Structure formats: structure tokens, C-alpha cells
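Shown below: start22.cif, with mmCIF, C-alpha atoms.
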data_final
loop_
_atom_site.group_PDB
_atom_site.id
_atom_site.type_symbol
_atom_site.label_atom_id
_atom_site.label_comp_id
_atom_site.auth_asym_id
_atom_site.auth_seq_id
_atom_site.Cartn_x
_atom_site.Cartn_y
_atom_site.Cartn_z
ATOM 1 C CA MET A 227 -119.400 130.108 -21.690
ATOM 2 C CA ALA A 228 -115.893 129.003 -20.815
ATOM 3 C CA ARG A 229 -112.914 131.264 -20.386
ATOM 4 C CA ILE A 230 -109.896 130.130 -22.408
ATOM 5 C CA LEU A 231 -106.325 131.404 -22.167
ATOM 6 C CA MET A 232 -104.473 131.231 -25.480
ATOM 7 C CA ILE A 233 -100.735 131.571 -24.871
ATOM 8 C CA VAL A 234 -98.895 132.753 -27.966
ATOM 9 C CA SER A 235 -95.169 133.029 -28.550
ATOM 10 C CA ALA A 236 -93.791 136.566 -28.818
ATOM 11 C CA ALA A 237 -90.530 135.416 -30.430
ATOM 12 C CA ASP A 238 -89.708 136.753 -33.873
ATOM 13 C CA HIS A 239 -86.749 134.453 -34.560
ATOM 14 C CA VAL A 240 -85.340 131.049 -33.719
ATOM 15 C CA ARG A 241 -81.627 130.292 -33.380
ATOM 16 C CA LEU A 242 -80.592 127.530 -35.779
ATOM 17 C CA THR A 243 -77.906 124.935 -35.170
ATOM 18 C CA ASP A 244 -75.564 126.794 -37.532
ATOM 19 C CA GLY A 245 -75.720 129.828 -35.230
ATOM 20 C CA THR A 246 -77.897 131.984 -37.482
ATOM 21 C CA ASP A 247 -81.281 133.465 -36.570
ATOM 22 C CA HIS A 248 -84.250 132.433 -38.665
ATOM 23 C CA PRO A 249 -87.272 134.796 -38.768
ATOM 24 C CA THR A 250 -90.357 133.191 -37.297
ATOM 25 C CA GLY A 251 -93.286 133.859 -34.965
ATOM 26 C CA PHE A 252 -96.686 132.238 -34.506
ATOM 27 C CA TRP A 253 -98.362 130.304 -37.326
ATOM 28 C CA ALA A 254 -101.313 132.283 -38.645
ATOM 29 C CA GLU A 255 -103.729 129.404 -39.229
ATOM 30 C CA GLU A 256 -103.123 127.926 -35.792
ATOM 31 C CA VAL A 257 -104.072 131.131 -33.990
ATOM 32 C CA ALA A 258 -106.768 132.352 -36.385
ATOM 33 C CA GLU A 259 -108.640 129.094 -36.942
ATOM 34 C CA SER A 260 -108.326 127.916 -33.351
ATOM 35 C CA HIS A 261 -109.579 131.260 -32.054
ATOM 36 C CA ARG A 262 -112.444 131.264 -34.560
ATOM 37 C CA VAL A 263 -113.689 127.804 -33.588
ATOM 38 C CA LEU A 264 -113.469 128.550 -29.866
ATOM 39 C CA ALA A 265 -115.139 131.956 -30.198
ATOM 40 C CA GLU A 266 -117.914 130.680 -32.478
ATOM 41 C CA ALA A 267 -118.682 128.072 -29.819
ATOM 42 C CA GLY A 268 -119.419 130.968 -27.487
ATOM 43 C CA HIS A 269 -116.256 130.912 -25.411
ATOM 44 C CA GLN A 270 -114.217 133.890 -24.262
ATOM 45 C CA VAL A 271 -110.637 133.670 -25.521
ATOM 46 C CA GLU A 272 -107.940 135.833 -23.956
ATOM 47 C CA ILE A 273 -104.413 136.021 -25.339
ATOM 48 C CA ALA A 274 -101.221 136.173 -23.283
ATOM 49 C CA THR A 275 -97.550 136.305 -24.258
ATOM 50 C CA PRO A 276 -94.283 136.402 -22.320
ATOM 51 C CA ALA A 277 -93.917 139.909 -20.835
ATOM 52 C CA GLY A 278 -97.080 140.968 -22.679
ATOM 53 C CA LEU A 279 -95.080 141.535 -25.860
ATOM 54 C CA ARG A 280 -96.955 141.875 -29.128
ATOM 55 C CA PRO A 281 -96.669 138.574 -31.003
ATOM 56 C CA THR A 282 -95.320 138.381 -34.548
ATOM 57 C CA VAL A 283 -97.008 136.331 -37.225
ATOM 58 C CA ASP A 284 -94.575 134.182 -39.194
ATOM 59 C CA PRO A 285 -94.711 135.819 -42.647
ATOM 60 C CA ILE A 286 -94.445 132.518 -44.509
ATOM 61 C CA SER A 287 -97.601 131.269 -42.764
ATOM 62 C CA LEU A 288 -99.587 133.684 -44.941
ATOM 63 C CA ASP A 289 -98.505 132.587 -48.425
ATOM 64 C CA GLU A 290 -97.138 129.836 -50.601
ATOM 65 C CA ARG A 291 -93.683 130.021 -48.996
ATOM 66 C CA GLY A 292 -95.239 128.143 -46.106
ATOM 67 C CA GLY A 293 -97.400 125.939 -48.300
ATOM 68 C CA VAL A 294 -100.421 128.166 -47.676
ATOM 69 C CA ASP A 295 -102.858 129.021 -50.436
ATOM 70 C CA PRO A 296 -102.774 132.832 -50.848
ATOM 71 C CA ALA A 297 -106.555 133.069 -50.522
ATOM 72 C CA GLU A 298 -106.428 131.131 -47.262
ATOM 73 C CA GLY A 299 -103.528 133.269 -46.086
ATOM 74 C CA ALA A 300 -105.550 136.409 -46.795
ATOM 75 C CA LYS A 301 -108.445 134.963 -44.800
ATOM 76 C CA PHE A 302 -106.189 134.244 -41.825
ATOM 77 C CA ALA A 303 -104.616 137.708 -42.029
ATOM 78 C CA GLU A 304 -108.044 139.346 -42.077
ATOM 79 C CA TYR A 305 -109.169 137.361 -39.036
ATOM 80 C CA LEU A 306 -106.004 138.271 -37.139
ATOM 81 C CA LYS A 307 -106.701 141.947 -37.818
ATOM 82 C CA GLY A 308 -109.879 141.557 -35.785
ATOM 83 C CA LEU A 309 -107.937 140.356 -32.750
ATOM 84 C CA ASP A 310 -106.295 142.876 -30.446
ATOM 85 C CA LEU A 311 -102.730 141.594 -30.483
ATOM 86 C CA SER A 312 -101.176 144.959 -29.637
ATOM 87 C CA ALA A 313 -101.461 144.553 -25.878
ATOM 88 C CA PRO A 314 -101.804 140.910 -24.835
ATOM 89 C CA LEU A 315 -101.900 139.878 -21.205
ATOM 90 C CA LYS A 316 -98.589 139.278 -19.464
ATOM 91 C CA LEU A 317 -98.026 135.583 -18.968
ATOM 92 C CA SER A 318 -96.617 136.279 -15.495
ATOM 93 C CA ASP A 319 -99.871 138.005 -14.477
ATOM 94 C CA VAL A 320 -102.310 135.202 -15.314
ATOM 95 C CA SER A 321 -103.254 132.177 -13.238
ATOM 96 C CA ALA A 322 -104.736 128.830 -14.146
ATOM 97 C CA ASP A 323 -107.610 129.064 -11.706
ATOM 98 C CA ALA A 324 -109.101 131.961 -13.675
ATOM 99 C CA TYR A 325 -109.540 129.852 -16.827
ATOM 100 C CA ASP A 326 -111.287 126.689 -17.929
ATOM 101 C CA ALA A 327 -108.692 125.802 -20.553
ATOM 102 C CA VAL A 328 -105.208 126.706 -21.758
ATOM 103 C CA TYR A 329 -104.459 126.649 -25.501
ATOM 104 C CA LEU A 330 -100.943 126.675 -26.998
ATOM 105 C CA PRO A 331 -100.723 127.272 -30.768
ATOM 106 C CA GLY A 332 -97.468 126.850 -32.617
ATOM 107 C CA GLY A 333 -95.158 128.226 -35.213
ATOM 108 C CA HIS A 334 -91.457 127.882 -34.458
ATOM 109 C CA GLY A 335 -91.682 130.746 -31.940
ATOM 110 C CA PRO A 336 -92.436 128.541 -28.890
ATOM 111 C CA MET A 337 -89.079 126.809 -29.402
ATOM 112 C CA THR A 338 -87.449 130.124 -28.489
ATOM 113 C CA ASP A 339 -89.433 131.778 -25.688
ATOM 114 C CA LEU A 340 -91.899 129.232 -24.287
ATOM 115 C CA VAL A 341 -89.918 126.010 -24.068
ATOM 116 C CA ASP A 342 -88.164 127.059 -20.833
ATOM 117 C CA ASP A 343 -90.519 129.781 -19.572
ATOM 118 C CA ALA A 344 -90.824 129.354 -15.796
ATOM 119 C CA ASP A 345 -94.121 131.255 -15.588
ATOM 120 C CA LEU A 346 -95.641 129.020 -18.235
ATOM 121 C CA GLY A 347 -94.297 125.908 -16.556
ATOM 122 C CA ALA A 348 -95.866 126.877 -13.244
ATOM 123 C CA LEU A 349 -99.176 127.718 -14.918
ATOM 124 C CA LEU A 350 -99.273 124.386 -16.790
ATOM 125 C CA ASN A 351 -98.468 122.455 -13.624
ATOM 126 C CA ASP A 352 -101.272 124.260 -11.821
ATOM 127 C CA ALA A 353 -103.724 123.773 -14.684
ATOM 128 C CA ASP A 354 -102.926 120.084 -14.970
ATOM 129 C CA GLY A 355 -103.222 119.613 -11.225
ATOM 130 C CA ARG A 356 -106.678 121.192 -11.330
ATOM 131 C CA GLY A 357 -107.740 118.986 -14.247
ATOM 132 C CA LYS A 358 -108.152 121.966 -16.568
ATOM 133 C CA THR A 359 -108.173 121.300 -20.299
ATOM 134 C CA ILE A 360 -104.722 121.864 -21.795
ATOM 135 C CA ALA A 361 -104.375 121.943 -25.580
ATOM 136 C CA ALA A 362 -101.176 122.235 -27.607
ATOM 137 C CA LEU A 363 -100.882 122.367 -31.365
ATOM 138 C CA CYS A 364 -97.965 121.635 -33.710
ATOM 139 C CA HIS A 365 -94.766 123.335 -32.415
ATOM 140 C CA GLY A 366 -96.879 124.589 -29.522
ATOM 141 C CA LEU A 367 -96.085 121.248 -27.918
ATOM 142 C CA ALA A 368 -92.563 122.574 -27.335
ATOM 143 C CA ALA A 369 -94.178 124.854 -24.751
ATOM 144 C CA LEU A 370 -95.304 121.810 -22.754
ATOM 145 C CA LEU A 371 -91.619 121.123 -22.064
ATOM 146 C CA SER A 372 -91.592 124.107 -19.697
ATOM 147 C CA ALA A 373 -93.656 122.089 -17.197
ATOM 148 C CA ARG A 374 -91.457 120.203 -14.758
ATOM 149 C CA GLY A 375 -91.824 118.742 -11.313
ATOM 150 C CA GLU A 376 -89.650 119.690 -8.339
ATOM 151 C CA ASP A 377 -87.304 116.831 -9.263
ATOM 152 C CA GLY A 378 -86.981 118.151 -12.839
ATOM 153 C CA SER A 379 -89.139 115.436 -14.364
ATOM 154 C CA PHE A 380 -91.452 116.310 -17.258
ATOM 155 C CA THR A 381 -94.984 116.912 -16.030
ATOM 156 C CA PHE A 382 -96.494 115.209 -19.080
ATOM 157 C CA ALA A 383 -94.210 112.159 -19.096
ATOM 158 C CA GLY A 384 -96.195 109.006 -19.727
ATOM 159 C CA ARG A 385 -99.003 110.916 -21.444
ATOM 160 C CA SER A 386 -100.126 110.074 -24.979
ATOM 161 C CA MET A 387 -99.841 112.866 -27.543
ATOM 162 C CA THR A 388 -99.044 113.785 -31.103
ATOM 163 C CA SER A 389 -96.854 116.667 -32.274
ATOM 164 C CA PHE A 390 -95.274 118.204 -35.336
ATOM 165 C CA SER A 391 -93.338 115.153 -36.419
ATOM 166 C CA ASP A 392 -89.645 114.801 -37.146
ATOM 167 C CA GLU A 393 -90.644 113.804 -40.678
ATOM 168 C CA GLU A 394 -92.636 117.011 -41.129
ATOM 169 C CA GLU A 395 -89.750 119.093 -39.742
ATOM 170 C CA ARG A 396 -87.433 117.548 -42.300
ATOM 171 C CA GLN A 397 -89.907 117.841 -45.182
ATOM 172 C CA GLY A 398 -91.266 121.325 -44.670
ATOM 173 C CA GLY A 399 -89.744 122.811 -41.534
ATOM 174 C CA LEU A 400 -86.233 123.800 -40.542
ATOM 175 C CA GLY A 401 -84.727 120.388 -41.250
ATOM 176 C CA ASP A 402 -81.474 119.489 -39.553
ATOM 177 C CA LYS A 403 -80.912 123.147 -38.693
ATOM 178 C CA SER A 404 -83.819 123.014 -36.257
ATOM 179 C CA PRO A 405 -82.636 123.701 -32.688
ATOM 180 C CA PHE A 406 -84.350 120.441 -31.741
ATOM 181 C CA PHE A 407 -87.032 118.121 -33.075
ATOM 182 C CA VAL A 408 -90.208 118.462 -31.043
ATOM 183 C CA GLU A 409 -91.299 114.848 -31.460
ATOM 184 C CA THR A 410 -87.896 113.521 -30.420
ATOM 185 C CA ARG A 411 -87.520 115.905 -27.481
ATOM 186 C CA LEU A 412 -90.948 115.020 -26.094
ATOM 187 C CA ARG A 413 -90.175 111.311 -26.399
ATOM 188 C CA GLU A 414 -86.805 111.797 -24.703
ATOM 189 C CA ARG A 415 -88.621 113.467 -21.797
ATOM 190 C CA GLY A 416 -90.920 110.479 -21.418
ATOM 191 C CA ALA A 417 -94.014 111.333 -23.460
ATOM 192 C CA ILE A 418 -95.729 108.712 -25.617
ATOM 193 C CA VAL A 419 -95.713 110.438 -29.020
ATOM 194 C CA THR A 420 -97.566 108.866 -31.945
ATOM 195 C CA PRO A 421 -97.743 111.187 -34.968
ATOM 196 C CA ALA A 422 -99.939 110.240 -37.893
ATOM 197 C CA ALA A 423 -98.923 110.490 -41.546
ATOM 198 C CA ALA A 424 -97.139 113.730 -42.393
ATOM 199 C CA TRP A 425 -99.455 116.696 -43.042
ATOM 200 C CA SER A 426 -102.618 114.805 -42.088
ATOM 201 C CA SER A 427 -105.019 116.135 -39.470
ATOM 202 C CA GLU A 428 -104.444 114.289 -36.205
ATOM 203 C CA VAL A 429 -105.640 114.957 -32.666
ATOM 204 C CA VAL A 430 -104.830 112.858 -29.593
ATOM 205 C CA VAL A 431 -106.775 113.243 -26.345
ATOM 206 C CA ASP A 432 -105.381 111.849 -23.084
ATOM 207 C CA GLY A 433 -107.611 112.893 -20.216
ATOM 208 C CA ASN A 434 -107.450 116.686 -19.976
ATOM 209 C CA LEU A 435 -104.605 116.917 -22.532
ATOM 210 C CA VAL A 436 -105.457 117.629 -26.183
ATOM 211 C CA THR A 437 -102.692 117.689 -28.790
ATOM 212 C CA GLY A 438 -102.822 118.457 -32.512
ATOM 213 C CA GLN A 439 -100.097 117.504 -34.953
ATOM 214 C CA ASN A 440 -99.749 120.374 -37.424
ATOM 215 C CA PRO A 441 -101.520 123.400 -38.936
ATOM 216 C CA GLN A 442 -103.884 121.033 -40.735
ATOM 217 C CA SER A 443 -105.079 119.939 -37.277
ATOM 218 C CA SER A 444 -106.006 123.436 -36.079
ATOM 219 C CA VAL A 445 -109.774 123.188 -36.488
ATOM 220 C CA ALA A 446 -109.987 119.620 -35.201
ATOM 221 C CA THR A 447 -107.901 120.466 -32.124
ATOM 222 C CA ALA A 448 -110.086 123.431 -31.208
ATOM 223 C CA GLU A 449 -113.217 121.341 -31.821
ATOM 224 C CA ARG A 450 -112.007 118.690 -29.372
ATOM 225 C CA VAL A 451 -111.430 121.403 -26.778
ATOM 226 C CA VAL A 452 -115.003 122.568 -27.294
ATOM 227 C CA GLU A 453 -116.213 118.994 -26.790
ATOM 228 C CA LEU A 454 -114.260 118.597 -23.555
ATOM 229 C CA LEU A 455 -115.569 121.896 -22.204
ATOM 230 C CA LYS A 456 -119.151 120.742 -22.829
ATOM 231 C CA ALA A 457 -118.505 117.836 -20.489
ATOM 232 C CA VAL A 458 -117.264 120.019 -17.635
#

Take the structure I supplied and represent it as C-alpha cells, if you would.
Amino acid sequence: MARILMIVSAADHVRLTDGTDHPTGFWAEEVAESHRVLAEAGHQVEIATPAGLRPTVDPISLDERGGVDPAEGAKFAEYLKGLDLSAPLKLSDVSADAYDAVYLPGGHGPMTDLVDDADLGALLNDADGRGKTIAALCHGLAALLSARGEDGSFTFAGRSMTSFSDEEERQGGLGDKSPFFVETRLRERGAIVTPAAAWSSEVVVDGNLVTGQNPQSSVATAERVVELLKAV
């Protein structure tokens, strides 16, 4: 049994380019389905957030407003009820050496509180240096941007990955009001980003780094993590 740290955004809004705040949080499917696959494989999954704050599920990730079938949304909501999200671990209190893998689900929340989180950046640098499995899904890839070297360079520059694409952001995300486009920002920082067709399941593995493109990639991303952990 591996021990996996799932780091979830605790943000409940994202500041748009027009200066307004848009309600958000974590994406239900990305937490629920990822957790389910990892747990059913026999692994222990612990959840941490910045300051140990209770995370907020993005309400549109539970119904048709977010392109989610209501029956599926109800299934995700029911699974989330079984998780103790009221008192997650404090991100500042956890260390990479205590875990076999780090998992970063998305929703627009990470663009607010994880993208520049120094504690997360230090943990990711440590985890990567130890060769631990690091997985990021959809907008969770924005959290990877917190990892920088002493010279300010992006820790994952030169690595192959996918992410929530600019096309998907324009089609079904925040559009041009998005504070930034994850795909573009990662590429600007030196990552090799190759998204697949919009809304298709896509997972890219580069050594210890596993990245999934969108909510549709949740199960496949978690399954690849399970595969990597078998090889450890």
C-alpha cells in the first residue's frame, strides 16, 4: 500500500481579468474519481489544503452548468460526502518524504491559491528530487508553477506534459476573462505541452511526472499513478 498526498485548492473564487471574482473551487469529478481509483487500488490517500482550510467544490461541477450529467454529478457528490473534507491536513505541515506520490486535482481554484504557494513549491521540488510520483490534472497543472529553482527557473521546464488546453478554456472555461491560460503559461515557463483534442481523455507520462488534460482524464490519470506505484 502506498501513501498518497492529494493537495486540493481551498480557494472559493478566482479573480478575472475584468476585476470581478468568479465563484469556483475544486472540480468534483477530479477529486472524487481520482480518489476512488487510488483508494480501490488499496492506497491510502490523505488530503491537504493551504492552511488546512476546508475546500469548496465548484457548484457547476455537479450539474449541467459545467457540462456534467446530473446523475454523474449526484454520484460525485455522494462520494465526496464520504471523504472527511472538514479538517484537511495543513500543506505547510506535510513533507514529501512521508508520501509515495503527490496528486494535484484541478478546478479553477489552483489558479488562485496554489500557483504561487511557497510551501507547495518546496514540497514539489523535494518530491521531484526524490523521484516521487507527481500527478497533476486539468487546472491542477497551474499548481506545478509554484515549483521553482533558486534562480527562479521552473522546476518542470523541459518536461513533457498535457494540461487543460487554451482551446478548452475558450470553449467551456473562463474564456478571455481567465487570469491566465494554463497551457500557455506552462509553455512560457519552458514546459513541453502537447494537449490532445479538446475534451478527450489524455494522459502524458514523463518519468515520475503524470499529467491529465481535463476532467475526462480523471480516471486514466489516477490509473497511471497506480501503474507507476506498482513499479516502485

Closest pair table for segment 331-375 of chain A residues within 7 Å of segment 384-402 of chain A, only C-alpha atoms, as CSV:
residue,atom,partner,partner_atom,distance
A:Cys364,CA,A:Phe390,CA,4.7
A:His365,CA,A:Phe390,CA,5.9
A:Leu367,CA,A:Ser389,CA,6.4

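Closest approach to Arg262 of chain A among A:Asp343, A:Glu414, A:Glu449, A:Asp247 is made by A:Glu449 (distances from all atoms listed in the file).
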
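The space between atom CA of Ser443 of chain A and atom CA of Thr381 of chain A spans 23.7 Å.
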
Using the chain letters and numbers from the file, which residues does the PyMOL selection byres ((chain A and resi 455) around 12) grab, as a ChimeraX atom specification? /A:227-230,264,267-269,325-328,357-361,434,436,448-454,456-458

Measuring atom to atom with all atoms listed in the file, identify which of A:Leu330, A:Ile233, A:Leu279, A:Leu317 is nearest to Leu363 of chain A. A:Leu330
